[in-house]
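Visitor: Below is a structure I'd like to ask you about.
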Amino acid sequence: MKKRLLTVLSLVLAFSLVLTACGGGDSAEGNKTPDSGQTDSGKETTGEGELVTEGVIPAPDASLNPEAAVNRKDTAILGITDPSGIFNPLYAESTYDVYLVESIFAQLLTINKDGTFSPFMADYKVSDDNKTFTFTLKDAKFSDGKPVTAEDVAFTITALYDKDYDGPSDVMQYAPLVGAKEYKEGKATSIAGIKVIDPKTIEFTNTEVKVLALNVFGGTGILPKHVYGAAYKQGNMSGMKDLFAKPVGAGAYKLEKYLPGQEVRLVANENYFMGAPKIKNLIYKTTTEETRMQLLQTGETDFDDPSVSKDQMEEIKNIGFLDSVLNPTNGYGYIAFNNKDPKFADKKVRQALTFGLDRKQIVDTVYQGYADVVNIPQSKVSWAYTDEVEKYEFNLDKAKTLLDEAGWKVGADGIREKDGKKFKINFSATTPNVVNEAIIPIAQKNYKDLGIEFVADQMDFNAMLDKYNKGNYDMLFLAAGLTPDPQDSEGTFRTGGSQNKTGYSNPKVDELLKKSGSTLDVEERKGIFKEIYQQINEDLPMMFVYQRRDLFTINHRIQGFDISPYRRFTNDLATIQIQ
Amino acid sequence: MKQYAIRRILQIIPTIIGVSIVLFGVFAMAPGNFVDSKQTISDARKAELKEKFGLDKPVHERYFIWAKNTIQGDLGMSTQHQQPVTTVMNRYMWNSFIIAAIVLVLSWTIAIFVGVYSAIRQYSFFDGIITFLVFALMSLPSFFIGLLAIKFFAVDMKWAPVGGMYTTGSNATGMAKVWDLVQHMWLPVSVLTALSVGGLTRYFRTSMLEVVRQDYIRTARAKGVKPSTVIFKHALRNALLPAITLLGMEIPALFSGAMITEQVFNWPGIGKINLAALQSRDYFLLMGFTMFLAALTLVGNFVSDMLYRIADPRVRMK
Amino acid sequence: MAQAVDTTSTNAEMPKTKPASPWTLAFRQLRRNKIAMSGLIVIIMMFLICFVGPFLSPYSLETMSGPSNKGPSASHWLGTDKLGRDILLRVMLAGRISLLVGLVAMMVSVAIGSTLGALAGYYRGWVDTIIMRFADIMLSIPALPLLIILGAVLSDIQVPPDQRIYLVMFLLGFMSWPGLARLVRGQILTLREQEFMQAAEVLGLRDKRKIFRHLIPNTIPIIIVVATLSVAGAILMESVLSYLGIGVVPPTPSWGNMISAANNLIDFKKRPWLWIPPGVCIFMTVIAINVIGDGLRDALDPKMKK
């Protein structure tokens with residue numbers, strides 16, 4: 001039992017990292033997604049079969065590598081979007097700050113390629129009641145040579161529960177430690193649920209079973225108490241912020257120099273407990289979508305994550321010396337229905353609107369084959385994924401029948417009406433967003449054929465989010481991020497869940513989600529999630545649209561990256577090498 | 001004159017207070033805030049954070065807190081960077097300033113010469129070509145022009161690096177550092193100058209056209225004054241009068257950063273930071289930076305009014 | 001600096017007893033200017049094509065029948081965009097929006113800017129203080145956040161999107177007046193001290209007449225420069241406003257949003273039919289306005305011998 005339990009628990013990914021990255025990434029995703037365009041006018045697409053949209057595509061001709069890159073013998077330059085300079089595991093919020101944090105700090109656990117957790121800086125076990133987690137530290141040192149102790153771990157985790165903590169993690173929700181509330185309110189000077197047993201052993205006890213708790217304990221980079229201790233007193237964390245640009249951790253690299261807006265220079269940590277990294281200097285260089293490819297082409301960067309499109313892939317092929325890694329993005333795009341609006345209350349209407357929209361055309365226009373139409377809120381690489389659901393393939397007749405059944409009859413002017421009200425949809429669209437640019441004209445045309453008026457309203461991302469949060473909308477498009485454990489969808493689909501902005505409520509789904517959260521048997525949970533997804537697929541609180549691809553483009557001279565949708569490239573920094 | 005100057009300076013105070021009230025109101029009223037946009041935290045945590053940042057207070061209270069702190073020199077913390085607003089501004093603003101200042105000097109110099117030449121050769125072939133170029137550059141999105149320049153000069157010809165301010169990983173100091181900067185800067189500077197010189201040329205051409213037809217210029221010519229002296233000493237001085245007003249309005253642009261430099265040429269400037277601040281509703285950074293620009297606008301306009309009166313003694317103010 | 005349009009002496013040469021305004025005279029002059037007239041014809045032709053052309057097209061705004069991203073062909077003269085829509089039809093429909101936006105926004109800006117600038121420069125004192133400090137505030141407040149709020153309000157009160165475009169025209173005009181007002185004011189401050197204004201004073205002309213007949217016509221050259229530059233600016237700015245929900249809504253095209261849809265180097269190199277048509281249209285509009293402006297300026301200048 002315990003072994004299985006551990007396997008399940010280890011499926012979880014560092015929530016504070018992935019979730020926040022996705023939360024902040026929604027707007028960025030819209031801006032980043034590829035522009036359209038197919039191949040040269042002469043060359044017609046000959047079926048999706050020939051298009052390689054997943055896996056590693058090796059460089060066709062590595063000999064084309066420019067001198068600028070070849071001459072850089074002991075340095076790798078990784079292009080990323082500008083980080084904000086928050087180099088602290090407790091505070092980093094944007095994906096790019098997180099990259100830096102993962103390079104400089106080490107966590108107790110690491111993520112495997114399939115999304116499971118493995119021991120890293122510590123071994124761990126979980127008690128029979130699933131509430132207590134015990135970590136045993138290995139021999140590891142911080143970059144300043146001092147050993148990593150249980151006191152450092154206790155210090156780091158305690159800070160997350162402080163009253164003055166204003167970073168992105170919401171630990172009370174995911175890991176309610178015994179005595180955390182008292183500590184937060186100042187009634188206790190330490191958290192009772194954190195016990196340092198000896199310099200190498202630490203124990204965390206929660207008040208209730210939480211599937212995602214291991215993320216907090218195992219997924220947070222450990223701060224050395226002897227460096228950060230002076231900056232944090234209970235109830236006052238302001239000193240931490242002065243240390244953002246002077247991080248000290250136990251990770252593969254240590255910070256040498258931070259030039260805001262330009263580059264972050266790292267050097268190998270000789271004390272790294274997994275052995276010193278093979279590449280001496282690692283530089284994160286700020287790049288922008290406009291010139292990522294040009295920088296790779298001239299050899300000024302060795303690595304970047306340009307947006308995916310057919311044009312882009314062709315460009316990479318032409319450049320010749322770049323390896324590409326294509327992975328399904330760990331997330332999905334959806335069109336939310338306001339379930340509380342009377343016109344969307346009937347699930348037949350929501351089904352009709354899904355049948356009646358050519359999602360394939362939208363997805364193909366935007367992603368040119370580098371995305372799939374999806375019908376459930378889960379990545380196809382997850383263990384919880386199921387294919388046994390309604391596909392909602394574009395079918396106007398079926399949509400019309402469903403609308404008729406729901407009582408929406410075609411009126412004299414061709415617009416459907418019910419109880420004297422015309423069927424009119426106001427679509428809230430964020431801009432500039434390539435997906436919305438395709439959804440609007442296609443939906444307008446498809447829905448007109450159904451006898452529905454579809455009007456789009458453009459706005460900036462926050463204005464749309466404001467409408468979404470307040471339930472003041474008809475339909476809108478958004479992208480959601482996923483974690484390896486499917487339990488994260490609880491907030492979105494449970495009645496009254498904190499991310500449930502559609503107003504969806506189905507007691508059966510609530511019950512099933514509760515069950516999946518308290519059982520830790522993978523096979524059992526698989527069955528439960530199949531039921532959940534089938535129910536959601538039938539109810540359609542939102543219309544699921546696509547899962548796209550992430551692209552990493554790497555100069556062929558750098559070898560050793562092993563990236564998966566769940567395992568970030570930062571895990572390979574100590575083992576990659578220059579050929 | 002002195003009295004007018006004092007009065008104008010005193011007027012700046014209520015104006016800047018007015019601007020600050022409007023700005024604070026505008027930012028507060030813009031839909032969404034930096035707490036509600038975090039999609040993964042619970043409502044309880046959101047409430048906690050709002051209380052911590054004072055977002056639960058009414059707008060006018062928040063304004064007075066901000067105003068009080070600002071007067072004491074504390075512009076607050078940027079929520080995005082988790083650093084004091086002044087630190088963030090300092091990190092990026094000077095990079096923007098250096099490139100904008102060079103472009104300003106270059107584009108004004110070129111625009112004056114081209115404008116003058118177009119004016120004295122009005123409707124000539126040269127004038128036609130310049131007019132054509134100016135409007136062609138204006139009708140194309142500037143991003144295209146920047147990207148084309150990179151493609152040609154950086155990727156194909158390798159005459160310049162693709163972007164950035166210094167060579168990545170370079171430890172150069174002193175003259176070597178300056179030379180590195182120059183190598184990175186010449187391409188964006190050229191493109192930006194080409195883009196901004198167009199409109200200015202039109203202003204100078206027009207002003208010059210007016211002046212060269214004046215009686216005193218004819219008189220000077222009739223007296224046998226050298227043509228170049230006529231143009232550059234007598235005519236230009238008068239033709240530059242409207243330029244004073246223009247120059248006053250350009251001062252804030254020196255510090256505001258340009259999106260094309262930063263997005264296309266990867267320059268570590270403040271324009272991108274400001275846009276990101278607006279998108280994430282980073283109130284204190286927005287207030288600090290826009291108030292700084294507003295102050296520059298007011299000062300710029302004040303200075304240009306003063307200069308105008310010095311340059312043209314005929315102007316009398318009531 | 002600018003020399004006066006000396007109405008008194010001009011009038012003396014005129015046979016009519018009723019004095020013709022400098023505007024009437026200028027228009028007569030303008031009609032004889034061939035280049036300016038050809039500019040005017042280009043503008044009129046573009047209006048005609050944009051408003052009549054779409055009726056002759058076999059496609060409609062919603063048609064997405066063509067292959068996506070194909071170059072010019074017999075069935076699609078200017079090619080198709082990524083959704084397989086006919087570019088020619090879209091350019092014409094876009095012209096209806098962009099031409100109107102560009103011209104109306106320019107006129108609004110010129111009307112407000114030159115009037116307020118002239119009032120401030122002529123009256124000075126507290127009039128100047130109020131107008132110029134208001135202009136200062138306008139110049140100090142960044143447009144983007146204001147527009148975001150406005151977009152949100154419009155969306156909440158559900159203003160039909162097809163009516164919002166009128167708002168864009170006036171908004172764009174309203175946003176850009178302070179710069180022009182400062183320039184005009186500066187010139188008027190100088191002009192009002194010149195001899196011809198003393199003459200006007202002696203003749204006992206009313207303020208309104210002095211401002212609109214004698215002072216503003218002398219600032220026309222600078223107004224024309226600002227006006228021509230602002231037409232192009234307004235056409236391109238429209239797409240930004242539309243993004244914030246204040247302007248046109250897709251699928252309605254405008255030249256600005258057609259150009260910004262093709263915003264990367266790959267489209268630039270491989271698919272010129274996406275950006276050349278709207279780019280050329282903006283260029284032609286701006287050039288035409290410019291030559292009309294030049295003609296108007298020459299026409300208003302009595303010293304111009306041409």
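Residues are named by chain letter and number: chains run A, B, ... in the order of the structure tokens, numbers start at 1 in each chain, and ligands are numbered from 1 in the order shown.
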If you count only C-alpha atoms, which residues fall within 6 Å of stretch 527-537 of chain A, apart from same-chain ones fewer than 4 positions away, as a count of residues only?
Guide: 3
Visitor: So that each row is one residue of stretch 351-468 of chain A with an atom at most 9 Å from stretch 480-497 of chain A, can you give its shortest atom pair and the distance in Å to one decimal, using only C-alpha atoms, rows by chain and rising number, as CSV?
Guide:
residue,atom,partner,partner_atom,distance
A:Pro377,CA,A:Ser489,CA,8.0
A:Gln378,CA,A:Leu482,CA,7.5
A:Ser379,CA,A:Leu482,CA,7.8
A:Ser382,CA,A:Pro484,CA,6.8
A:Trp383,CA,A:Pro484,CA,8.7
A:Ala384,CA,A:Pro486,CA,6.8
Visitor: Of the residues C:Leu89, C:Val104, C:Leu300, C:Ile287, which is the one nearest to B:Ile130, using only C-alpha atoms?
Guide: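 Between C:Leu89, C:Val104, C:Leu300, C:Ile287, the residue approaching B:Ile130 most closely is C:Ile287.
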Visitor: Applying 6 Å and only C-alpha atoms, which residues near stretch 167-181 of chain A remain after dropping the ones on its own chain fewer than 4 positions away? List them as a PyMOL selection string.
Guide: (chain A and resi 16+91+191-193+205-207+212-213) or (chain B and resi 41)
Visitor: Could you work out which residues of chain B fall inside 8 Å of chain A? Count only C-alpha atoms, and format the result as JSON, numbers by chain.
Guide: {"B": [30, 31, 32, 33, 36, 37, 38, 39, 40, 41, 42, 43, 45, 49, 52, 80, 81, 82, 83, 91, 92, 147, 151, 155, 162, 163, 164, 165, 168, 169, 263, 264, 265, 266, 267, 268, 269, 279, 280]}
Visitor: Kindly save the residues from that selection, with N, CA and C atoms included, as an mmCIF file, in the first residue's frame.
Guide:
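Once everything was written out, this is part-v7.cif:
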data_model
loop_
_atom_site.group_PDB
_atom_site.id
_atom_site.type_symbol
_atom_site.label_atom_id
_atom_site.label_comp_id
_atom_site.auth_asym_id
_atom_site.auth_seq_id
_atom_site.Cartn_x
_atom_site.Cartn_y
_atom_site.Cartn_z
ATOM 1 N N ALA B 30 -9.457 51.123 -13.731
ATOM 2 C CA ALA B 30 -9.244 50.135 -14.795
ATOM 3 C C ALA B 30 -9.636 48.763 -14.271
ATOM 4 N N PRO B 31 -10.427 48.013 -15.044
ATOM 5 C CA PRO B 31 -10.942 46.742 -14.542
ATOM 6 C C PRO B 31 -9.822 45.775 -14.174
ATOM 7 N N GLY B 32 -10.032 45.026 -13.110
ATOM 8 C CA GLY B 32 -9.059 44.025 -12.668
ATOM 9 C C GLY B 32 -8.027 44.626 -11.735
ATOM 10 N N ASN B 33 -7.333 43.787 -10.983
ATOM 11 C CA ASN B 33 -6.204 44.221 -10.173
ATOM 12 C C ASN B 33 -5.233 43.072 -10.041
ATOM 13 N N ASP B 36 -6.656 39.813 -8.079
ATOM 14 C CA ASP B 36 -7.699 39.008 -8.717
ATOM 15 C C ASP B 36 -7.211 38.309 -9.979
ATOM 16 N N SER B 37 -6.108 38.819 -10.554
ATOM 17 C CA SER B 37 -5.641 38.180 -11.784
ATOM 18 C C SER B 37 -4.844 36.913 -11.500
ATOM 19 N N LYS B 38 -4.530 36.662 -10.225
ATOM 20 C CA LYS B 38 -3.879 35.380 -9.891
ATOM 21 C C LYS B 38 -4.980 34.327 -9.886
ATOM 22 N N GLN B 39 -4.895 33.382 -10.817
ATOM 23 C CA GLN B 39 -6.031 32.486 -10.974
ATOM 24 C C GLN B 39 -5.971 31.239 -10.106
ATOM 25 N N THR B 40 -4.818 31.020 -9.441
ATOM 26 C CA THR B 40 -4.695 29.732 -8.768
ATOM 27 C C THR B 40 -4.824 29.815 -7.257
ATOM 28 N N ILE B 41 -5.042 31.010 -6.721
ATOM 29 C CA ILE B 41 -5.111 31.079 -5.263
ATOM 30 C C ILE B 41 -6.563 31.164 -4.806
ATOM 31 N N SER B 42 -6.798 30.737 -3.584
ATOM 32 C CA SER B 42 -8.170 30.676 -3.068
ATOM 33 C C SER B 42 -8.695 32.080 -2.771
ATOM 34 N N ASP B 43 -10.004 32.171 -2.639
ATOM 35 C CA ASP B 43 -10.614 33.465 -2.350
ATOM 36 C C ASP B 43 -10.164 33.997 -0.997
ATOM 37 N N ARG B 45 -7.229 33.563 0.395
ATOM 38 C CA ARG B 45 -5.894 34.121 0.212
ATOM 39 C C ARG B 45 -5.968 35.457 -0.516
ATOM 40 N N LEU B 49 -4.426 38.972 0.802
ATOM 41 C CA LEU B 49 -3.479 39.798 0.050
ATOM 42 C C LEU B 49 -4.019 41.200 -0.167
ATOM 43 N N LYS B 52 -3.493 43.164 2.811
ATOM 44 C CA LYS B 52 -2.083 43.478 3.004
ATOM 45 C C LYS B 52 -1.633 44.639 2.114
ATOM 46 N N GLN B 80 5.199 43.597 -9.311
ATOM 47 C CA GLN B 80 5.743 42.652 -10.263
ATOM 48 C C GLN B 80 7.191 42.312 -9.974
ATOM 49 N N HIS B 81 7.939 43.318 -9.572
ATOM 50 C CA HIS B 81 9.367 43.119 -9.356
ATOM 51 C C HIS B 81 9.694 42.940 -7.889
ATOM 52 N N GLN B 82 8.738 43.199 -7.004
ATOM 53 C CA GLN B 82 8.938 43.087 -5.566
ATOM 54 C C GLN B 82 10.115 43.941 -5.108
ATOM 55 N N GLN B 83 10.314 45.058 -5.756
ATOM 56 C CA GLN B 83 11.394 45.974 -5.421
ATOM 57 C C GLN B 83 10.808 47.383 -5.385
ATOM 58 N N ARG B 91 16.802 50.893 -12.867
ATOM 59 C CA ARG B 91 17.392 49.779 -13.600
ATOM 60 C C ARG B 91 17.261 49.950 -15.107
ATOM 61 N N TYR B 92 16.110 50.472 -15.545
ATOM 62 C CA TYR B 92 15.819 50.426 -16.980
ATOM 63 C C TYR B 92 15.821 51.786 -17.671
ATOM 64 N N LEU B 147 12.757 44.840 -38.247
ATOM 65 C CA LEU B 147 13.071 43.436 -38.520
ATOM 66 C C LEU B 147 13.850 43.288 -39.821
ATOM 67 N N LYS B 151 17.464 41.635 -40.284
ATOM 68 C CA LYS B 151 17.688 40.550 -41.241
ATOM 69 C C LYS B 151 18.874 40.878 -42.148
ATOM 70 N N VAL B 155 21.850 39.575 -39.574
ATOM 71 C CA VAL B 155 21.875 38.147 -39.886
ATOM 72 C C VAL B 155 22.675 37.873 -41.157
ATOM 73 N N VAL B 162 22.542 40.966 -33.360
ATOM 74 C CA VAL B 162 21.093 40.972 -33.583
ATOM 75 C C VAL B 162 20.375 41.912 -32.628
ATOM 76 N N GLY B 163 20.850 41.968 -31.405
ATOM 77 C CA GLY B 163 20.156 42.862 -30.469
ATOM 78 C C GLY B 163 20.914 42.953 -29.169
ATOM 79 N N GLY B 164 20.295 43.603 -28.201
ATOM 80 C CA GLY B 164 20.928 43.741 -26.895
ATOM 81 C C GLY B 164 21.749 45.005 -26.791
ATOM 82 N N MET B 165 22.363 45.205 -25.640
ATOM 83 C CA MET B 165 23.084 46.441 -25.370
ATOM 84 C C MET B 165 24.593 46.177 -25.298
ATOM 85 N N THR B 168 26.853 39.434 -24.801
ATOM 86 C CA THR B 168 26.479 38.561 -23.693
ATOM 87 C C THR B 168 27.725 37.973 -23.036
ATOM 88 N N GLY B 169 27.819 38.104 -21.730
ATOM 89 C CA GLY B 169 28.935 37.516 -20.996
ATOM 90 C C GLY B 169 30.200 38.344 -21.027
ATOM 91 N N GLN B 263 11.404 45.700 -28.178
ATOM 92 C CA GLN B 263 10.902 44.417 -28.669
ATOM 93 C C GLN B 263 11.774 43.879 -29.802
ATOM 94 N N VAL B 264 12.076 44.747 -30.744
ATOM 95 C CA VAL B 264 12.781 44.277 -31.931
ATOM 96 C C VAL B 264 14.286 44.237 -31.709
ATOM 97 N N PHE B 265 14.833 45.267 -31.076
ATOM 98 C CA PHE B 265 16.277 45.300 -30.891
ATOM 99 C C PHE B 265 16.695 44.820 -29.499
ATOM 100 N N ASN B 266 15.711 44.322 -28.741
ATOM 101 C CA ASN B 266 16.057 43.669 -27.501
ATOM 102 C C ASN B 266 16.782 44.594 -26.525
ATOM 103 N N TRP B 267 16.482 45.852 -26.587
ATOM 104 C CA TRP B 267 17.150 46.841 -25.740
ATOM 105 C C TRP B 267 16.534 46.808 -24.344
ATOM 106 N N PRO B 268 17.348 46.799 -23.271
ATOM 107 C CA PRO B 268 16.778 46.672 -21.927
ATOM 108 C C PRO B 268 16.165 47.969 -21.420
ATOM 109 N N GLY B 269 15.144 48.457 -22.075
ATOM 110 C CA GLY B 269 14.573 49.750 -21.722
ATOM 111 C C GLY B 269 13.335 49.655 -20.860
ATOM 112 N N GLN B 279 -0.361 45.986 -17.850
ATOM 113 C CA GLN B 279 -1.068 44.726 -18.072
ATOM 114 C C GLN B 279 -1.283 43.957 -16.773
ATOM 115 N N SER B 280 -0.338 44.111 -15.823
ATOM 116 C CA SER B 280 -0.520 43.358 -14.583
ATOM 117 C C SER B 280 -1.055 44.250 -13.473
#
Visitor: Hey, what's within 10 Å of C:Phe170 if we count only C-alpha atoms and toss same-chain stuff fewer than 2 positions away? As a list in words, please?
Guide: Val101, Val104, Ala105, Met106, Met107, Val108, Ser109, Ile165, Tyr166, Leu167, Val168, Leu172, Gly173, Phe174 and Met175 of chain C
Visitor: Could you make a table, as a Markdown table, of the residues of chain A that have an atom within 10 Å of an atom of chain C, each with its nearest atom pair and distance in Å to one decimal, counting only C-alpha atoms, in chain and number order?
Guide:
| residue | atom | partner | partner_atom | distance |
| --- | --- | --- | --- | --- |
| A:Pro34 | CA | C:Asn264 | CA | 9.8 |
| A:Asp35 | CA | C:Asn264 | CA | 7.8 |
| A:Ser36 | CA | C:Lys82 | CA | 6.3 |
| A:Gly37 | CA | C:Asn69 | CA | 5.9 |
| A:Gln38 | CA | C:Asn69 | CA | 6.7 |
| A:Thr39 | CA | C:Asn69 | CA | 8.9 |
| A:Asp40 | CA | C:Lys270 | CA | 7.4 |
| A:Ser41 | CA | C:Lys70 | CA | 5.8 |
| A:Gly42 | CA | C:Lys70 | CA | 9.1 |
| A:Glu44 | CA | C:Pro67 | CA | 10.0 |
| A:Glu289 | CA | C:Asn264 | CA | 9.7 |
| A:Glu290 | CA | C:Asn264 | CA | 7.3 |
| A:Thr291 | CA | C:Leu265 | CA | 9.5 |
| A:Asp311 | CA | C:Ile266 | CA | 7.1 |
| A:Gln312 | CA | C:Ile266 | CA | 8.4 |
| A:Glu315 | CA | C:Ile266 | CA | 9.0 |
| A:Gln361 | CA | C:Leu83 | CA | 9.0 |
| A:Ile362 | CA | C:Leu83 | CA | 9.1 |
| A:Thr365 | CA | C:Leu83 | CA | 6.7 |
| A:Val366 | CA | C:Lys82 | CA | 8.6 |
| A:Asn426 | CA | C:Gln158 | CA | 9.1 |
| A:Ser428 | CA | C:Ser155 | CA | 8.8 |
| A:Ala429 | CA | C:Gly245 | CA | 8.9 |
| A:Thr430 | CA | C:Tyr243 | CA | 7.9 |
| A:Thr431 | CA | C:Tyr243 | CA | 5.4 |
| A:Pro432 | CA | C:Tyr243 | CA | 6.4 |
| A:Asn433 | CA | C:Tyr243 | CA | 9.5 |
| A:Val434 | CA | C:Ala261 | CA | 8.8 |
| A:Asn436 | CA | C:Pro250 | CA | 9.4 |
| A:Glu437 | CA | C:Pro250 | CA | 7.4 |
| A:Ala438 | CA | C:Leu83 | CA | 7.6 |
| A:Ile439 | CA | C:Pro250 | CA | 9.9 |
| A:Ile440 | CA | C:Pro250 | CA | 6.6 |
| A:Pro441 | CA | C:Pro251 | CA | 5.4 |
| A:Ile442 | CA | C:Glu62 | CA | 8.6 |
| A:Gln444 | CA | C:Glu62 | CA | 8.3 |
| A:Lys445 | CA | C:Glu62 | CA | 6.5 |
| A:Val455 | CA | C:Pro161 | CA | 8.2 |
| A:Ala456 | CA | C:Val249 | CA | 6.5 |
| A:Asp457 | CA | C:Gly245 | CA | 5.9 |
| A:Gln458 | CA | C:Gly245 | CA | 4.2 |
| A:Met459 | CA | C:Leu244 | CA | 4.4 |
| A:Asp460 | CA | C:Leu244 | CA | 5.8 |
| A:Phe461 | CA | C:Leu244 | CA | 9.5 |
| A:Asn462 | CA | C:Ile148 | CA | 9.4 |
| A:Ala463 | CA | C:Ala152 | CA | 6.6 |
| A:Met464 | CA | C:Ala152 | CA | 8.7 |
| A:Asp466 | CA | C:Ala152 | CA | 9.8 |
| A:Lys467 | CA | C:Ala152 | CA | 9.3 |
| A:Asn472 | CA | C:Asp156 | CA | 8.7 |
| A:Tyr473 | CA | C:Asp156 | CA | 9.5 |
Visitor: Using DSSP assignments from the backbone, pull out every residue in stretch 24-107 of chain B that falls under alpha helix (DSSP H) and give it to me as an MDAnalysis selection string.
Guide: chainID B and resid 24:29 43:53 59:71 85:107
Visitor: Between atom CA of A:Arg359 and atom CA of A:Glu453, measure the distance and give it in Å to one decimal.
Guide: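 Answer for the atom CA of A:Arg359 to atom CA of A:Glu453 separation: 18.0 Å.
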Visitor: C:Gly121: which residues within 6 Å, counting only C-alpha atoms, same-chain residues fewer than 6 positions away excluded, as an mmCIF file with N, CA, C and O atoms, in the first residue's frame?
Guide:
data_model
loop_
_atom_site.group_PDB
_atom_site.id
_atom_site.type_symbol
_atom_site.label_atom_id
_atom_site.label_comp_id
_atom_site.auth_asym_id
_atom_site.auth_seq_id
_atom_site.Cartn_x
_atom_site.Cartn_y
_atom_site.Cartn_z
ATOM 1 N N ARG C 185 -0.655 78.165 -30.703
ATOM 2 C CA ARG C 185 -0.561 79.230 -29.705
ATOM 3 C C ARG C 185 0.785 79.957 -29.830
ATOM 4 O O ARG C 185 0.853 81.190 -29.827
ATOM 5 N N ILE C 188 0.725 82.218 -32.788
ATOM 6 C CA ILE C 188 -0.174 83.364 -32.631
ATOM 7 C C ILE C 188 0.436 84.389 -31.687
ATOM 8 O O ILE C 188 0.302 85.597 -31.883
ATOM 9 N N LEU C 189 1.136 83.926 -30.662
ATOM 10 C CA LEU C 189 1.796 84.853 -29.742
ATOM 11 C C LEU C 189 2.713 85.804 -30.506
ATOM 12 O O LEU C 189 2.802 86.989 -30.202
#
Visitor: Could you work out which residues of chain B fall inside 6 Å of chain C? Count only C-alpha atoms, and format the result as a list in words.
Guide: Val19, Ala30, Ser139, Glu210, Ala294, Val315 and Lys318 of chain B
Visitor: Which is closer to C:Ser57 than all the others in C:Ile87, C:Ala200, C:Ile292, C:Val110, using only C-alpha atoms?
Guide: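 Among the listed residues, C:Ile87 lies closest to C:Ser57.
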Visitor: Using only C-alpha atoms, which residue out of C:Pro72, C:Gln29, C:Pro178, C:Trp255 lies closest to C:Gly113?
Guide: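 Smallest separation from C:Gly113 among the options: C:Pro178.
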Visitor: Skip B:Asp282 itself and residues of its chain fewer than 2 positions away, then list as a PyMOL selection string all residues within 8 Å of it, counting only C-alpha atoms.
Guide: chain B and resi 34+78-80+277-280+284-286
Visitor: Just the selected residues (C-alpha atoms), exported as a PDB file, in the first residue's frame, please.
Guide:
ATOM      1  CA  PHE B  34      -3.007  42.356  -9.476  1.00  0.00           C
ATOM      2  CA  SER B  78       6.385  47.320  -7.538  1.00  0.00           C
ATOM      3  CA  THR B  79       4.227  44.228  -7.184  1.00  0.00           C
ATOM      4  CA  GLN B  80       5.743  42.652 -10.263  1.00  0.00           C
ATOM      5  CA  ALA B 277       3.044  47.084 -15.362  1.00  0.00           C
ATOM      6  CA  LEU B 278      -0.169  48.246 -17.003  1.00  0.00           C
ATOM      7  CA  GLN B 279      -1.068  44.726 -18.072  1.00  0.00           C
ATOM      8  CA  SER B 280      -0.520  43.358 -14.583  1.00  0.00           C
ATOM      9  CA  PHE B 284       2.752  51.812  -7.680  1.00  0.00           C
ATOM     10  CA  LEU B 285       5.127  51.317 -10.564  1.00  0.00           C
ATOM     11  CA  LEU B 286       2.516  52.772 -12.935  1.00  0.00           C
TER      12      LEU B 286
END
Visitor: Do a neighbour search on B:Ala253 at 9 Å with only C-alpha atoms, toss out local chain neighbours closer than 4 positions, and write the hits as a list in words.
Guide: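 Residues near the query, excluding close chain neighbours: Phe97, Ala100, Met249, Gly257, Ala258 and Leu293 of chain B.
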Visitor: Would you please work out which residue, of B:Met89, B:Met287, B:Leu236, B:Leu246, is nearest to B:Ser20 when using only C-alpha atoms?
Guide: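 Of all the options, B:Met287 lies closest to B:Ser20.
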